[in-house]
$ cat work06.txt   # compact mmCIF, C-alpha atoms
# COMPACT_ATOMS: atom_id res chain seq x y z
CA MET O 6 130.88 94.58 56.64
CA PHE O 7 133.94 96.17 55.07
CA MET O 8 131.78 98.20 52.68
CA VAL O 9 129.88 99.68 55.63
CA LEU O 10 133.09 100.53 57.52
CA ASN O 11 134.65 101.99 54.40
CA TRP O 12 131.56 104.15 53.85
CA LEU O 13 131.76 105.38 57.46
CA LYS O 14 135.43 106.20 57.02
CA ASP O 15 134.86 108.14 53.80
CA ASN O 16 131.65 109.90 54.81
CA LEU O 17 131.88 110.33 58.59
CA PHE O 18 135.13 109.55 60.37
CA GLY O 19 137.21 110.82 57.46
CA GLN O 20 135.20 114.05 57.23
CA THR O 21 136.30 115.92 60.34
CA ALA O 22 133.97 118.87 59.79
CA LEU O 23 130.91 116.63 59.48
CA PHE O 24 132.08 114.49 62.38
CA LEU O 25 132.43 117.50 64.68
CA GLY O 26 129.11 118.90 63.48
CA LEU O 27 127.34 115.65 64.34
CA ILE O 28 128.97 115.59 67.77
CA VAL O 29 127.61 119.09 68.38
CA ALA O 30 124.15 118.08 67.13
CA ILE O 31 124.07 114.94 69.30
CA GLY O 32 125.28 116.87 72.34
CA MET O 33 122.62 119.55 71.91
CA MET O 34 119.90 116.95 71.41
CA LEU O 35 120.98 115.27 74.63
CA GLN O 36 120.59 118.66 76.28
CA LYS O 37 117.06 118.77 74.81
CA LYS O 38 117.69 121.86 72.71
CA LYS O 39 115.16 122.94 70.10
CA LEU O 40 115.54 121.70 66.52
CA GLY O 41 116.48 125.17 65.30
CA GLU O 42 119.24 125.44 67.91
CA VAL O 43 120.54 121.98 67.02
CA LEU O 44 120.67 122.89 63.33
CA GLN O 45 122.39 126.19 64.10
CA GLY O 46 124.97 124.41 66.26
CA PHE O 47 125.63 121.84 63.53
CA ILE O 48 126.12 124.51 60.86
CA THR O 49 128.26 126.70 63.12
CA ALA O 50 130.60 123.85 64.04
CA THR O 51 130.86 122.52 60.47
CA LEU O 52 131.32 125.92 58.85
CA GLY O 53 133.74 127.00 61.55
CA TYR O 54 135.90 123.95 60.93
CA TYR O 55 135.94 124.58 57.18
CA ILE O 56 137.02 128.19 57.78
CA PHE O 57 139.63 126.91 60.24
CA ASN O 58 140.84 124.34 57.70
CA THR O 59 141.01 126.98 54.97
CA GLY O 60 143.36 129.01 57.11
CA ALA O 61 145.38 125.92 58.00
CA SER O 62 145.71 124.91 54.33
CA SER O 63 146.90 128.38 53.37
CA ILE O 64 149.42 128.31 56.19
CA GLY O 65 150.92 125.11 54.81
CA GLY O 66 151.55 126.41 51.30
CA LEU O 67 152.84 129.80 52.41
CA ALA O 68 155.14 128.31 55.05
CA MET O 69 156.71 125.91 52.54
CA VAL O 70 158.17 128.90 50.68
CA MET O 71 160.96 129.04 53.25
CA GLY O 72 161.90 125.37 52.98
CA ASN O 73 161.71 125.35 49.19
CA LEU O 74 164.17 128.21 48.97
CA LEU O 75 166.55 126.81 51.59
CA ARG O 76 166.90 123.38 49.97
CA PRO O 77 168.83 124.54 46.88
CA THR O 78 170.51 127.29 48.88
CA LEU O 79 171.97 124.71 51.26
CA GLY O 80 172.77 122.30 48.43
CA VAL O 81 170.63 119.32 49.45
CA GLU O 82 168.27 117.17 47.44
CA ALA O 83 165.88 116.01 50.16
CA GLY O 84 164.62 117.26 53.45
CA VAL O 85 161.85 116.36 55.83
CA ASN O 86 158.32 116.94 54.54
CA PRO O 87 156.38 118.55 57.39
CA PHE O 88 152.96 117.87 55.90
CA SER O 89 153.28 114.12 55.73
CA SER O 90 150.28 113.13 57.82
CA GLN O 91 148.45 113.12 54.52
CA THR O 92 151.50 111.59 52.84
CA PHE O 93 151.50 108.52 55.08
CA ILE O 94 147.76 108.10 54.79
CA ALA O 95 148.12 108.13 51.01
CA MET O 96 151.09 105.75 51.14
CA GLY O 97 149.15 103.31 53.32
CA TYR O 98 146.10 103.26 51.07
CA ALA O 99 148.36 102.76 48.04
CA VAL O 100 149.35 99.31 49.34
CA GLU O 101 146.68 96.85 48.23
CA TYR O 102 147.07 94.44 51.15
CA ILE O 103 146.85 96.98 53.96
CA ALA O 104 144.45 99.53 52.42
CA PRO O 105 141.20 97.84 53.61
CA ARG O 106 142.75 96.99 56.96
CA ILE O 107 143.61 100.64 57.67
CA THR O 108 139.95 101.60 57.42
CA ILE O 109 138.76 98.95 59.86
CA CYS O 110 141.63 99.50 62.29
CA PHE O 111 141.08 103.26 62.29
CA ILE O 112 137.42 102.96 63.29
CA VAL O 113 137.93 100.13 65.77
CA ALA O 114 140.88 101.89 67.41
CA TRP O 115 138.85 105.02 68.12
CA LEU O 116 135.89 103.01 69.47
CA ILE O 117 138.23 101.09 71.79
CA HIS O 118 139.66 104.43 72.88
CA LEU O 119 136.17 105.64 73.80
CA LEU O 120 135.50 102.51 75.85
CA LEU O 121 138.79 102.87 77.70
CA VAL O 122 138.03 106.50 78.57
CA LYS O 123 134.56 105.50 79.71
CA PHE O 124 135.54 102.57 81.93
CA ILE O 125 138.98 103.56 83.26
CA LYS O 126 138.29 106.37 85.71
CA PRO O 127 141.63 108.22 85.62
CA LEU O 128 141.22 108.70 81.84
CA LYS O 129 139.32 111.86 80.96
CA VAL O 130 140.29 113.00 77.45
CA VAL O 131 138.40 111.96 74.30
CA TYR O 132 140.79 112.33 71.35
CA LEU O 133 138.97 114.18 68.56
CA THR O 134 141.72 115.04 66.07
CA MET O 135 140.63 112.23 63.78
CA HIS O 136 143.10 112.71 60.93
CA ASN O 137 145.96 112.24 63.40
CA ILE O 138 144.53 108.86 64.40
CA LEU O 139 144.28 107.83 60.75
CA SER O 140 147.85 109.00 60.17
CA PHE O 141 149.21 106.92 63.06
CA VAL O 142 147.29 103.84 61.94
CA ALA O 143 148.63 104.18 58.38
CA THR O 144 152.18 104.84 59.57
CA PHE O 145 152.29 101.77 61.81
CA TYR O 146 150.76 99.62 59.08
CA ILE O 147 153.46 100.75 56.65
CA PHE O 148 156.23 99.94 59.13
CA PHE O 149 154.97 96.57 60.33
CA TYR O 150 154.05 95.46 56.80
CA THR O 151 157.10 96.66 54.85
CA ILE O 152 159.90 96.49 57.45
CA MET O 153 158.80 93.76 59.86
CA GLY O 154 156.95 91.66 57.28
CA TYR O 155 153.90 91.08 59.50
CA ARG O 156 150.67 89.81 57.99
CA GLY O 157 147.13 89.07 59.17
CA ILE O 158 145.96 89.58 62.72
CA LEU O 159 149.46 90.29 64.05
CA LEU O 160 149.75 93.24 61.67
CA ASP O 161 146.33 94.56 62.72
CA LEU O 162 147.03 94.18 66.43
CA CYS O 163 150.36 95.99 66.27
CA ALA O 164 149.05 98.94 64.25
CA GLY O 165 145.91 99.26 66.38
CA PHE O 166 147.57 98.73 69.75
CA PHE O 167 150.23 101.42 69.39
CA THR O 168 147.69 103.87 68.01
CA VAL O 169 145.24 103.29 70.87
CA LEU O 170 148.09 103.49 73.37
CA TYR O 171 149.05 106.95 72.16
CA ILE O 172 145.63 108.58 71.73
CA THR O 173 144.34 107.22 75.05
CA PHE O 174 147.18 107.77 77.49
CA THR O 175 149.40 110.62 76.24
CA PRO O 176 146.66 113.30 76.55
CA MET O 177 146.66 112.60 80.28
CA LEU O 178 150.31 113.66 80.54
CA VAL O 179 149.31 117.32 80.33
CA TYR O 180 145.63 117.02 81.27
CA LYS O 181 145.96 119.09 84.47
CA ASP O 182 148.06 121.73 82.74
CA CYS O 183 145.50 122.00 79.94
CA MET O 184 142.64 122.34 82.40
CA LYS O 185 144.51 125.18 84.09
CA VAL O 186 145.19 127.22 80.96
CA THR O 187 141.78 126.61 79.33
CA ASN O 188 139.65 127.05 82.46
CA ASN O 189 138.60 123.37 82.29
CA ALA O 190 137.29 123.76 78.73
CA PHE O 191 139.40 121.36 76.64
CA ALA O 192 142.58 119.31 76.59
CA LEU O 193 145.33 118.65 74.09
CA GLY O 194 144.69 115.86 71.60
CA HIS O 195 147.23 116.22 68.83
CA PHE O 196 150.81 115.24 67.98
CA ASN O 197 152.64 116.93 70.85
CA GLN O 198 151.45 115.76 74.27
CA ILE O 199 154.83 114.22 75.08
CA GLY O 200 156.69 117.34 73.95
CA ALA O 201 154.36 119.50 76.03
CA TRP O 202 154.89 117.25 79.06
CA ILE O 203 158.70 117.48 78.78
CA THR O 204 158.63 121.26 78.66
CA SER O 205 156.04 121.45 81.46
CA LYS O 206 158.54 119.75 83.76
CA LEU O 207 161.33 122.17 82.82
CA ALA O 208 159.24 125.36 82.78
CA PRO O 209 159.05 125.96 86.57
CA PHE O 210 162.85 126.30 86.70
CA CYS O 211 162.83 129.15 84.16
CA GLY O 212 160.94 131.94 85.85
CA ASP O 213 157.96 133.21 87.83
CA PRO O 214 154.68 132.61 85.93
CA GLU O 215 153.11 135.67 87.54
CA LYS O 216 156.01 138.09 87.31
CA ASP O 217 157.15 136.91 83.85
CA ASN O 218 153.72 136.24 82.31
CA ALA O 219 154.04 136.67 78.54
CA GLU O 220 150.48 137.93 78.26
CA THR O 221 150.95 140.82 80.69
CA MET O 222 154.56 141.74 79.99
CA GLN O 223 155.19 145.35 78.99
CA LEU O 224 156.69 145.42 75.53
CA PRO O 225 159.09 148.29 74.77
CA GLY O 226 158.19 151.26 72.61
CA TRP O 227 156.19 150.67 69.44
CA LEU O 228 155.77 146.96 70.23
CA ARG O 229 153.12 147.90 72.80
CA SER O 230 150.72 148.78 69.99
CA ILE O 231 150.96 145.29 68.53
CA SER O 232 150.89 143.28 71.74
CA ASP O 233 147.82 141.31 70.69
CA GLY O 234 148.62 137.86 69.31
CA GLY O 235 147.53 138.40 65.73
CA LEU O 236 149.56 141.56 65.14
CA SER O 237 152.54 140.01 66.92
CA VAL O 238 152.49 137.27 64.31
CA ALA O 239 152.19 139.90 61.57
CA VAL O 240 155.46 141.41 62.80
CA SER O 241 157.38 138.23 63.66
CA LEU O 242 156.71 136.41 60.39
CA PRO O 243 158.26 139.03 58.09
CA ILE O 244 161.40 138.93 60.24
CA ALA O 245 161.71 135.18 59.62
CA TYR O 246 161.07 135.53 55.89
CA ILE O 247 163.53 138.39 55.55
CA PHE O 248 166.13 136.16 57.25
CA VAL O 249 165.58 133.44 54.64
CA TRP O 250 165.73 136.04 51.84
CA ALA O 251 169.07 137.28 53.18
CA VAL O 252 170.50 133.73 53.32
CA VAL O 253 169.39 133.04 49.74
CA MET O 254 170.87 136.30 48.46
CA ILE O 255 174.16 135.91 50.36
CA VAL O 256 174.79 132.29 49.33
CA GLY O 257 173.81 133.13 45.75
CA ASN O 258 172.81 129.65 44.61
CA GLU O 259 171.44 130.06 41.09
CA SER O 260 168.64 127.48 41.52
CA ALA O 261 167.40 129.17 44.67
CA LEU O 262 167.65 132.61 43.10
CA GLN O 263 165.77 131.39 40.02
CA LEU O 264 163.02 129.90 42.20
CA LEU O 265 162.79 133.14 44.15
CA ARG O 266 162.51 135.13 40.91
CA GLU O 267 159.82 132.78 39.57
CA ASN O 268 157.82 132.98 42.78
CA ALA O 269 158.12 136.75 42.96
CA GLY O 270 157.31 137.35 39.30
CA SER O 271 157.35 141.10 38.60
CA THR O 272 157.43 141.88 42.33
CA ASN O 273 160.73 142.75 43.99
CA SER O 274 162.04 139.60 45.75
CA PHE O 275 162.44 141.31 49.13
CA LEU O 276 158.95 142.74 48.95
CA TYR O 277 157.62 139.34 47.81
CA MET O 278 158.97 137.68 50.96
CA VAL O 279 157.46 140.35 53.19
CA LEU O 280 154.08 140.10 51.45
CA THR O 281 154.15 136.29 51.68
CA ALA O 282 154.74 136.58 55.42
CA LEU O 283 151.79 138.95 55.75
CA GLN O 284 149.60 136.54 53.75
CA LEU O 285 150.61 133.86 56.21
CA ALA O 286 149.59 136.14 59.08
CA ALA O 287 146.23 136.68 57.36
CA ALA O 288 145.80 132.91 57.05
CA ILE O 289 146.40 132.63 60.79
CA TYR O 290 143.66 135.21 61.37
CA ILE O 291 141.29 133.10 59.24
CA LEU O 292 142.28 130.00 61.17
CA LEU O 293 141.55 131.68 64.48
CA TYR O 294 138.14 132.94 63.34
CA GLY O 295 137.09 129.45 62.29
CA LEU O 296 138.55 128.04 65.47
CA ARG O 297 136.42 130.31 67.63
CA MET O 298 133.33 129.32 65.65
CA PHE O 299 133.59 125.55 65.97
CA LEU O 300 134.93 125.63 69.53
CA GLY O 301 132.10 127.91 70.55
CA ALA O 302 129.65 125.27 69.33
CA LEU O 303 131.63 122.14 70.22
CA LEU O 304 132.55 122.74 73.85
CA PRO O 305 129.05 123.39 75.25
CA ALA O 306 127.55 120.56 73.19
CA PHE O 307 130.27 118.13 74.26
CA GLN O 308 129.13 118.58 77.83
CA GLY O 309 125.84 116.91 76.89
CA ILE O 310 127.64 113.84 75.57
CA SER O 311 130.06 113.81 78.50
CA GLU O 312 127.33 114.03 81.13
CA ARG O 313 125.29 111.24 79.54
CA PHE O 314 127.90 108.73 78.35
CA ILE O 315 131.37 109.65 79.64
CA PRO O 316 131.06 111.66 82.86
CA ASP O 317 133.82 114.21 83.47
CA ALA O 318 135.38 113.65 80.03
CA VAL O 319 136.76 116.60 78.06
CA PRO O 320 137.48 116.95 74.33
CA GLY O 321 141.08 116.55 73.21
CA ILE O 322 141.51 118.85 70.22
CA ASP O 323 144.02 120.37 67.81
CA THR O 324 147.03 122.10 69.34
CA VAL O 325 146.39 125.41 67.57
CA ALA O 326 143.27 125.85 69.72
CA PHE O 327 145.67 126.95 72.44
CA TYR O 328 146.77 129.96 70.41
CA ALA O 329 143.65 131.80 71.54
CA VAL O 330 144.58 131.04 75.16
CA SER O 331 148.06 132.65 75.20
CA PRO O 332 148.82 134.35 71.87
CA ASN O 333 151.94 136.20 73.04
CA ALA O 334 153.35 133.03 74.59
CA VAL O 335 152.79 131.14 71.35
CA VAL O 336 154.61 133.79 69.30
CA ILE O 337 157.61 133.76 71.66
CA THR O 338 157.70 129.95 71.66
CA MET O 339 157.35 129.80 67.87
CA LEU O 340 160.32 132.11 67.27
CA SER O 341 162.42 130.18 69.79
CA TYR O 342 161.36 126.90 68.16
CA MET O 343 162.55 128.19 64.80
CA VAL O 344 165.94 129.07 66.27
CA GLY O 345 166.31 125.58 67.73
CA ALA O 346 165.23 123.93 64.49
CA ILE O 347 167.52 126.11 62.36
CA ILE O 348 170.48 125.35 64.63
CA THR O 349 169.78 121.64 64.31
CA THR O 350 169.49 121.90 60.53
CA ILE O 351 172.85 123.69 60.38
CA ILE O 352 174.42 120.96 62.54
CA CYS O 353 172.97 118.35 60.16
CA ILE O 354 174.68 120.12 57.26
CA ILE O 355 178.01 120.40 59.07
CA LEU O 356 177.98 116.75 60.19
CA LYS O 357 176.55 115.58 56.84
CA THR O 358 173.93 113.43 58.54
CA PRO O 359 172.08 110.75 56.48
CA VAL O 360 168.83 112.71 56.76
CA LEU O 361 168.74 116.47 56.45
CA VAL O 362 165.81 117.79 58.43
CA ILE O 363 164.88 121.25 57.17
CA PHE O 364 162.97 123.41 59.64
CA GLN O 365 159.51 124.58 58.62
CA LEU O 366 157.56 127.50 60.02
CA ALA O 367 154.26 125.58 59.96
CA SER O 368 155.71 123.05 62.40
CA ALA O 369 156.90 125.82 64.68
CA PHE O 370 153.43 127.36 64.81
CA SER O 371 151.65 124.04 65.31
CA GLU O 372 153.95 122.72 68.02
CA SER O 373 154.25 126.03 69.84
CA SER O 374 150.55 126.63 70.42
CA ALA O 375 149.90 124.23 73.30
CA ILE O 376 153.51 124.07 74.45
CA GLY O 377 153.78 127.85 74.67
CA ALA O 378 150.54 128.23 76.62
CA ILE O 379 151.55 125.55 79.13
CA ALA O 380 155.13 126.80 79.47
CA ASN O 381 153.94 130.35 80.12
CA SER O 382 151.55 129.18 82.83
CA LYS O 383 154.40 127.49 84.69
CA GLY O 384 157.40 129.72 84.03
CA GLY O 385 156.46 132.82 82.05
CA TRP O 386 158.09 134.09 78.88
CA LYS O 387 161.48 132.66 79.84
CA ALA O 388 159.92 129.20 79.92
CA CYS O 389 158.44 129.88 76.47
CA ILE O 390 161.92 130.53 75.10
CA MET O 391 163.21 127.35 76.73
CA ALA O 392 160.25 125.31 75.50
CA GLY O 393 160.65 126.48 71.92
CA LEU O 394 164.37 125.73 71.84
CA VAL O 395 164.02 122.29 73.44
CA VAL O 396 161.11 121.09 71.31
CA GLY O 397 162.52 122.65 68.13
CA ILE O 398 165.76 120.72 68.58
CA LEU O 399 164.14 117.47 69.74
CA ALA O 400 161.50 117.46 67.00
CA THR O 401 164.11 118.01 64.30
CA ILE O 402 166.33 115.22 65.64
CA ALA O 403 163.35 112.90 66.09
CA ALA O 404 162.27 113.47 62.49
CA GLY O 405 165.62 112.17 61.28
CA PHE O 406 165.37 109.02 63.40
CA PHE O 407 161.79 108.54 62.24
CA ALA O 408 162.80 108.67 58.57
CA ALA O 409 165.68 106.27 59.15
CA GLY O 410 163.61 103.90 61.30
CA LEU O 411 160.82 103.69 58.75
CA GLY O 412 163.35 103.02 56.02
CA ILE O 413 162.56 105.99 53.80
CA LEU O 414 165.93 107.70 53.68
CA ASP O 415 165.77 108.21 49.91
CA GLN O 416 162.52 110.13 50.12
CA GLY O 417 163.50 111.97 53.29
CA ILE O 418 159.90 112.06 54.50
CA ALA O 419 158.94 112.49 58.13
CA GLN O 420 156.31 114.29 60.13
CA ALA O 421 157.61 117.38 61.86
CA ASN O 422 155.88 117.27 65.25
CA PHE O 423 157.91 115.80 68.10
CA ASP O 424 155.42 113.14 69.14
CA SER O 425 154.59 111.99 65.62
CA CYS O 426 158.30 111.39 65.04
CA GLY O 427 159.65 110.44 68.45
CA TYR O 428 156.91 108.03 69.51
CA PRO O 429 156.80 105.92 66.30
CA ALA O 430 160.61 106.03 66.01
CA LEU O 431 160.88 104.47 69.48
CA ILE O 432 158.53 101.67 68.39
CA PHE O 433 160.42 101.21 65.12
CA TYR O 434 163.81 100.75 66.75
CA LEU O 435 162.49 98.50 69.51
CA PHE O 436 161.03 96.12 66.95
CA ARG O 437 164.06 96.33 64.68
CA MET O 438 166.16 95.00 67.56
CA PHE O 439 164.26 91.70 67.42
CA LYS O 440 163.89 91.40 63.68

$ encode --input "work06.txt" --output "structure tokens"
Amino acid sequence: MFMVLNWLKDNLFGQTALFLGLIVAIGMMLQKKKLGEVLQGFITATLGYYIFNTGASSIGGLAMVMGNLLRPTLGVEAGVNPFSSQTFIAMGYAVEYIAPRITICFIVAWLIHLLLVKFIKPLKVVYLTMHNILSFVATFYIFFYTIMGYRGILLDLCAGFFTVLYITFTPMLVYKDCMKVTNNAFALGHFNQIGAWITSKLAPFCGDPEKDNAETMQLPGWLRSISDGGLSVAVSLPIAYIFVWAVVMIVGNESALQLLRENAGSTNSFLYMVLTALQLAAAIYILLYGLRMFLGALLPAFQGISERFIPDAVPGIDTVAFYAVSPNAVVITMLSYMVGAIITTIICIILKTPVLVIFQLASAFSESSAIGAIANSKGGWKACIMAGLVVGILATIAAGFFAAGLGILDQGIAQANFDSCGYPALIFYLFRMFK
């Protein structure tokens, strides 16, 4: 039995591109499409996801340049690792006792989630960001096994229950808002439903969504020529990288300067930072192209599955899908998020907190996509600024509590999204009270 489940995890559930491609194929077959159309849909969805993932992977490496330079500049040994979804999955599978249990729990948790969405009428979102589910399962297993000392069925139930609870119910927090901004196409199924819900409640107090709409606002002077989302990113990213370059040069830490020189090679360090930012913008373009491909195939095909098995259900997908909905809003939110995160990092340094949480641009982009689109729809560009600041600060603080609650202060590892830190941290501290 375990061998079969492990094979499914490795070859289906763990392969997001293949998984999405099969969903498209099944949906089109249910719609009685021709074999050629089904094959085309499968290839489009699978290839689109790989292109999307290529852009996402490039974003990660290029965005880490900022954090890597700031660590020695600020004189700290450890900071929060923003790409630790994979880290916690790897950590979980490295523990012999829980490794096989993670596989089974991951599959069973998602199947239970499907049943709950099917049979509980108010639930409408099918969570499809599979690697997030695996990350939550692994994270809870690590906590309940290493910190709480649970074994057997109690360990399985705790890890599975809190994973199912999150992926099933939190997407409904912003379901109506998502339906509004996506024209009923898809919902949010990622690591920031709670963060998006918090900002959605504050956004209406910030401005008029019609008068202050970020997508229709008149930008001054030369900015009008780059008002589309992609070029806005191409301008905003160099500004952020130049800021980091200036900090490194002003502080003058030799380790940071040496790293900058090594990274830049024969290229001038200032020019290197600008070019790195533009490469990051290009990676975002690649991400968006792949995103349009697999969404274009997934959304129509999902209707076939929804109509047959789960009436009125919608797919809950990666937060960056919302970038295409409100690109200007996302850029504004991302820059504001960075300000909030940087401020919190500086406060950590001043107060000498046990965990130094270093802001990362990749987190700002990821978190800001859905949050920015929703905030703009309820309060315009002013709400985007508010949303970025609030979530940037909360996510950074939550990451510190997450690291402390999981007991990994030495490593300083935590996921950077608000939900993936705040939600598990709440569970960690509740259980620690009764240990």

$ residues_around --input "work06.txt" --residues "Val29 (chain O)" --least-positions-apart "5" --cutoff "12 Å" --atoms "all atoms listed in the file" --output "number ranges by chain"
O: 22-24, 34-36, 38, 42-51, 299-311, 320

$ closest_residue --input "work06.txt" --among "O:Asn218, O:Asn197, O:Asn73, O:Asn273" --to "Ile322 (chain O)" --atoms "all atoms listed in the file"
O:Asn197

$ atom_distance --input "work06.txt" --atom1 "CA of Ala380 (chain O)" --atom2 "CA of Ala208 (chain O)"
5.5 Å

$ atom_distance --input "work06.txt" --atom1 "CA of Ala408 (chain O)" --atom2 "CA of Phe93 (chain O)"
11.8 Å

$ atom_distance --input "work06.txt" --atom1 "CA of Thr338 (chain O)" --atom2 "CA of Gly377 (chain O)"
5.4 Å

$ closest_residue --input "work06.txt" --among "O:Asn188, O:Ser341, O:Thr168, O:Gln284" --to "Val70 (chain O)" --atoms "all atoms listed in the file"
O:Gln284

$ residues_around --input "work06.txt" --residues "Phe167 (chain O)" --least-positions-apart "5" --cutoff "9 Å" --atoms "all atoms listed in the file" --output "JSON list (two decimals) with C-alpha atoms, in the coordinates of the input"
[["chain", "number", "residue", "atom", "x", "y", "z"],
["O", 141, "PHE", "CA", 149.21, 106.92, 63.06],
["O", 142, "VAL", "CA", 147.29, 103.84, 61.94],
["O", 145, "PHE", "CA", 152.29, 101.77, 61.81],
["O", 162, "LEU", "CA", 147.03, 94.18, 66.43],
["O", 172, "ILE", "CA", 145.63, 108.58, 71.73],
["O", 429, "PRO", "CA", 156.80, 105.92, 66.30],
["O", 432, "ILE", "CA", 158.53, 101.67, 68.39]]

$ decode --input "work06.txt" --residues "region 319-336 of chain O" --atoms "N, CA and C atoms" --output "PDB file, in the first residue's frame"
ATOM      1  N   VAL O 319     -14.431  26.182  -7.659  1.00  0.00           N
ATOM      2  CA  VAL O 319     -13.465  26.928  -8.456  1.00  0.00           C
ATOM      3  C   VAL O 319     -12.059  26.512  -8.037  1.00  0.00           C
ATOM      4  N   PRO O 320     -11.079  26.627  -8.935  1.00  0.00           N
ATOM      5  CA  PRO O 320      -9.710  26.256  -8.558  1.00  0.00           C
ATOM      6  C   PRO O 320      -9.070  27.308  -7.668  1.00  0.00           C
ATOM      7  N   GLY O 321      -8.382  26.860  -6.634  1.00  0.00           N
ATOM      8  CA  GLY O 321      -7.595  27.749  -5.788  1.00  0.00           C
ATOM      9  C   GLY O 321      -6.141  27.602  -6.193  1.00  0.00           C
ATOM     10  N   ILE O 322      -5.550  28.666  -6.755  1.00  0.00           N
ATOM     11  CA  ILE O 322      -4.225  28.534  -7.348  1.00  0.00           C
ATOM     12  C   ILE O 322      -3.244  29.552  -6.786  1.00  0.00           C
ATOM     13  N   ASP O 323      -2.018  29.454  -7.278  1.00  0.00           N
ATOM     14  CA  ASP O 323      -0.883  30.247  -6.804  1.00  0.00           C
ATOM     15  C   ASP O 323      -1.192  31.740  -6.813  1.00  0.00           C
ATOM     16  N   THR O 324      -0.706  32.429  -5.793  1.00  0.00           N
ATOM     17  CA  THR O 324      -0.982  33.859  -5.632  1.00  0.00           C
ATOM     18  C   THR O 324      -0.507  34.704  -6.796  1.00  0.00           C
ATOM     19  N   VAL O 325       0.600  34.316  -7.456  1.00  0.00           N
ATOM     20  CA  VAL O 325       1.120  35.160  -8.526  1.00  0.00           C
ATOM     21  C   VAL O 325       0.201  35.189  -9.741  1.00  0.00           C
ATOM     22  N   ALA O 326      -0.796  34.307  -9.786  1.00  0.00           N
ATOM     23  CA  ALA O 326      -1.774  34.365 -10.873  1.00  0.00           C
ATOM     24  C   ALA O 326      -2.509  35.698 -10.868  1.00  0.00           C
ATOM     25  N   PHE O 327      -2.576  36.341  -9.710  1.00  0.00           N
ATOM     26  CA  PHE O 327      -3.303  37.595  -9.591  1.00  0.00           C
ATOM     27  C   PHE O 327      -2.522  38.772 -10.150  1.00  0.00           C
ATOM     28  N   TYR O 328      -1.255  38.557 -10.464  1.00  0.00           N
ATOM     29  CA  TYR O 328      -0.462  39.642 -11.048  1.00  0.00           C
ATOM     30  C   TYR O 328      -1.069  40.093 -12.371  1.00  0.00           C
ATOM     31  N   ALA O 329      -1.545  39.122 -13.146  1.00  0.00           N
ATOM     32  CA  ALA O 329      -2.129  39.456 -14.449  1.00  0.00           C
ATOM     33  C   ALA O 329      -3.435  40.228 -14.300  1.00  0.00           C
ATOM     34  N   VAL O 330      -4.065  40.131 -13.122  1.00  0.00           N
ATOM     35  CA  VAL O 330      -5.342  40.810 -12.884  1.00  0.00           C
ATOM     36  C   VAL O 330      -5.136  42.304 -12.650  1.00  0.00           C
ATOM     37  N   SER O 331      -4.172  42.654 -11.796  1.00  0.00           N
ATOM     38  CA  SER O 331      -3.930  44.066 -11.443  1.00  0.00           C
ATOM     39  C   SER O 331      -2.431  44.322 -11.327  1.00  0.00           C
ATOM     40  N   PRO O 332      -1.722  44.387 -12.443  1.00  0.00           N
ATOM     41  CA  PRO O 332      -0.258  44.519 -12.387  1.00  0.00           C
ATOM     42  C   PRO O 332       0.234  45.773 -11.680  1.00  0.00           C
ATOM     43  N   ASN O 333      -0.397  46.917 -11.929  1.00  0.00           N
ATOM     44  CA  ASN O 333       0.033  48.141 -11.248  1.00  0.00           C
ATOM     45  C   ASN O 333      -0.165  48.040  -9.741  1.00  0.00           C
ATOM     46  N   ALA O 334      -1.299  47.482  -9.346  1.00  0.00           N
ATOM     47  CA  ALA O 334      -1.588  47.329  -7.916  1.00  0.00           C
ATOM     48  C   ALA O 334      -0.558  46.436  -7.253  1.00  0.00           C
ATOM     49  N   VAL O 335      -0.146  45.393  -7.935  1.00  0.00           N
ATOM     50  CA  VAL O 335       0.843  44.470  -7.375  1.00  0.00           C
ATOM     51  C   VAL O 335       2.181  45.168  -7.186  1.00  0.00           C
ATOM     52  N   VAL O 336       2.595  45.976  -8.164  1.00  0.00           N
ATOM     53  CA  VAL O 336       3.863  46.697  -8.063  1.00  0.00           C
ATOM     54  C   VAL O 336       3.840  47.652  -6.879  1.00  0.00           C
TER      55      VAL O 336
END
